[in-house]
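Q: Have a look at this one.
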Amino acid sequence: MAERTLHGTGATPRSGVGTVVWYGRDISLPDPDDVEVDPETERRRFADAVDTARAELESEREATAERVGEDEAAVFDAHIQFLEDPTIEDAVETMIADGGPAPNAVDAVFGEHIEQFEGMDGRMAERADDLRDVRDRLLRLLTDGERVGLGDLPAGSVVLAERLTPSDTAQLDTERVAGFATVTGGRTSHAAIFARSLALPAVVGIGTDLDTLEDGAEVVVDGDNGTLLVSPDDSERAAAANESGAAVVNDSVKTTDGRHVEVAANIGQPAELEPAAKRGADGVGLYRTEFLFLDRETPPSEDEQYEAIRQALDTFPDGRVVVRTLDIGGDKRIPYLDLPDEENPFLGERGIRRSLAPDSDLFATQLRALLRAAADGAGDLAIMFPLVATIEELDAALDALEAAAGLDDYDAVDPEVGVMIETPSAAFMADELAARVDFLSIGTNDLTQYVMAADRENERVGDLHDPTHPGVLRAIQQTVTAAHAEDIWVGMCGEMAGDPDLTELLVGLGLDELSMSAVTIPEVKTAVSETSYSSASERGDRAQLAATRSEVHTTLDT
Ligand code: PEP
Ligand code: MG
């Protein structure tokens with residue numbers, strides 16, 4: 001048995017074994033009473049540290065732009081700005097002139113600014129994280145602390161960190177990293193979503209217990225159970241090391257009785273495309289485009305968005321890429337858009353509601369970028385609108401699309417257009433919606449939250465936020481029936497679609513496409529090819545007639 005087990009939230013259903021490497025660990029400051037301070041020497045040390053930090057940031061910026069993309073690289077520009085901020089620099093130099101050691105002066109001045117930013121709202125509060133990064137970098141240089149390069153870790157490393165930003169995760173070399181674990185973060189944090197796309201074992205939100213581990217400790221990251229096993233025994237180590245998952249299936253798959261089911265990937269940034277293709281995705285079933293807007297200072301330009309979508313279309317030349325238009329709001333806050341403070345942001349201004357009103361300019365730019373990419377890219381583009389609740393919203397979104405096409409003369413591109421079914425209203429109105437579009441895609445993360453009135457982020461009602469409750473299954477069934485009555489395809493892109501234990505049920509309910517984080521694509525493709533559609537649909541009928549969740553599960557088990 002392992003010496004100790006730490007508990008958190010499993011981000012990827014994978015296990016890995018390796019050696020702990022801390023990233024960005026706290027640094028101990030000198031005691032001012034114990035050190036001789038020569039202000040001139042300290043001032044020079046500070047100036048040298050700033051120069052080195054700038055050089056490091058510039059080279060990390062370049063490497064990230066090359067490896068992941070310009071969007072992710074932009075975060076380093078913000079860090080350089082803070083590094084060169086004259087107010088901060090003057091304050092540090094004043095403290096040094098008053099006899100403070102350089103690291104203590106940096107810590108105090110940055111600490112004050114961090115506190116100020118933390119006290120502000122939205123966009124400003126998020127700047128505190130950038131300041132923390134710059135402070136830690138300077139402190140590491142001033143205290144001779146080694147900075148771990150995430151792109152250059154020894155093979156078999158397990159990275160431990162307070163938190164990992166999307167750009168940190170993008171730098172991880174998945175050939176060498178056995179997994180990661182963080183103090184903070186939940187299943188839907190960016191690091192967790194990214195880990196699932198890269199099939200990287202990960203456990204997030206372990207809390208401060210994680211701080212008790214030292215560099216060099218041996219651990220198993222068990223992303224299935226959400227645990228970190230410290231000093232695992234031989235059998236625990238072997239179980240983690242031998243886990244291989246299902247073999248990748250590159251061809252498209254059919255049930256044993258010949259029904260084709262498309263199995264596609266959910267992605268949020270260009271870096272996730274190759275891993276998805278390598279795991280056998282037929283295409284992209286959900287491109288969460290709002291992720292292209294995160295970790296930067298201003299929205300991406302039309303050209304940047306064009307490039308990102310074009311890259312997706314070229315990665316799947318024979319496939320379909322379903323791009324969801326901006327889904328901002330709810331838990332997805334974009335700092336520079338100054339979102340309103342709302343009592344219930346999940347019931348507020350989010351998804352298509354924002355695209356039709358405050359963000360209509362961003363929406364128009366995005367639609368133009370999509371149409372241009374569709375005209376030039378190899379694969380087939382499909383456009384999908386999020387969080388639709390009314391026919392009027394769909395009509396207005398279609399008008400905006402038509403205006404974008406007319407403006408740039410892209411009428412000939414003619415992508416498929418669809419609607420996400422995420423609100424109870426959309427499920428009830430699925431017949432009317434289906435009559436107006438080319439496809440429906442069921443977002444079970446939000447649909448479950450709204451059908452069951454159970455916040456998807458709130459563990460206390462986690463039991464209710466389960467798509468196998470009969471109420472949710474009936475909403476799914478109703479949507480599938482409505483789509484098929486109009487002869488259009490219907491997919492699912494919520495987390496439910498990526499659970500191989502539910503594949504038979506979903507095939508039986510009649511889903512034509514399942515889209516998921518790349519990690520479980522091989523398992524789901526294998527499950528589809530082992531399913532008989534005729535017996536699955538009998539089981540699906542029985543499941544959605546069940547009165548309770550346990551009856552549903554009994555149906556699935558027999
Ligand atoms: C969903 O709600 O199921 C979905 C796929 O969208 P998101 O998780 O991005 O809200
Ligand atoms: Mg959603």
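FYI, nothing fancy with the structure tokens labels: chains A, B, ... in order, residues from 1 per chain, ligands from 1 as they appear.
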Neighbouring residues of ligand 2 are defined here as those with any atom at most 9 Å from a ligand atom, counting only C-alpha atoms and all ligand atoms; list them as a PyMOL selection string.

A: chain A and resi 327+351+386-387+420-422+442-447+493-494

Q: Determine, counting only C-alpha atoms, which protein, DNA and RNA residues have an atom within 12 Å of an atom of Pro424 (chain A); residues of the same chain fewer than 5 positions away are not included. Present the result as an MDAnalysis selection string.

A: chainID A and resid 387:390 429:430 442:444 446:453 471:472 474:476 478:479

Q: Would you please work out which residue, of A:Pro201, A:Gly319, A:Gly24, A:Gly186, is nearest to Leu150 (chain A) when using only C-alpha atoms?

A: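 Of A:Pro201, A:Gly319, A:Gly24, A:Gly186, the one nearest Leu150 (chain A) is A:Gly24, counting only C-alpha atoms.
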
Q: Here is a test: counting only C-alpha atoms and all ligand atoms, which residue of A:Glu457, A:Glu3, A:Asp399, A:Glu297 is nearest to ligand 1?

A: A:Glu457

Q: Identify which of the residues A:Gly329, A:Pro101, A:Pro30, A:Gly16 lies closest to Gly245 (chain A), counting only C-alpha atoms when measuring atom-to-atom distances.

A: A:Gly16

Q: Just give me the gap between CA of Ala191 (chain A) and CA of Ala178 (chain A) in Å, one decimal is fine.

A: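 Pair CA of Ala191 (chain A) / CA of Ala178 (chain A) returns 15.0 Å.
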
Q: For a test of reading the model, state the distance in Å between CA of Ala65 (chain A) and CA of Gly18 (chain A), rounded to one decimal.

A: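 Interatomic distance here is 28.6 Å.
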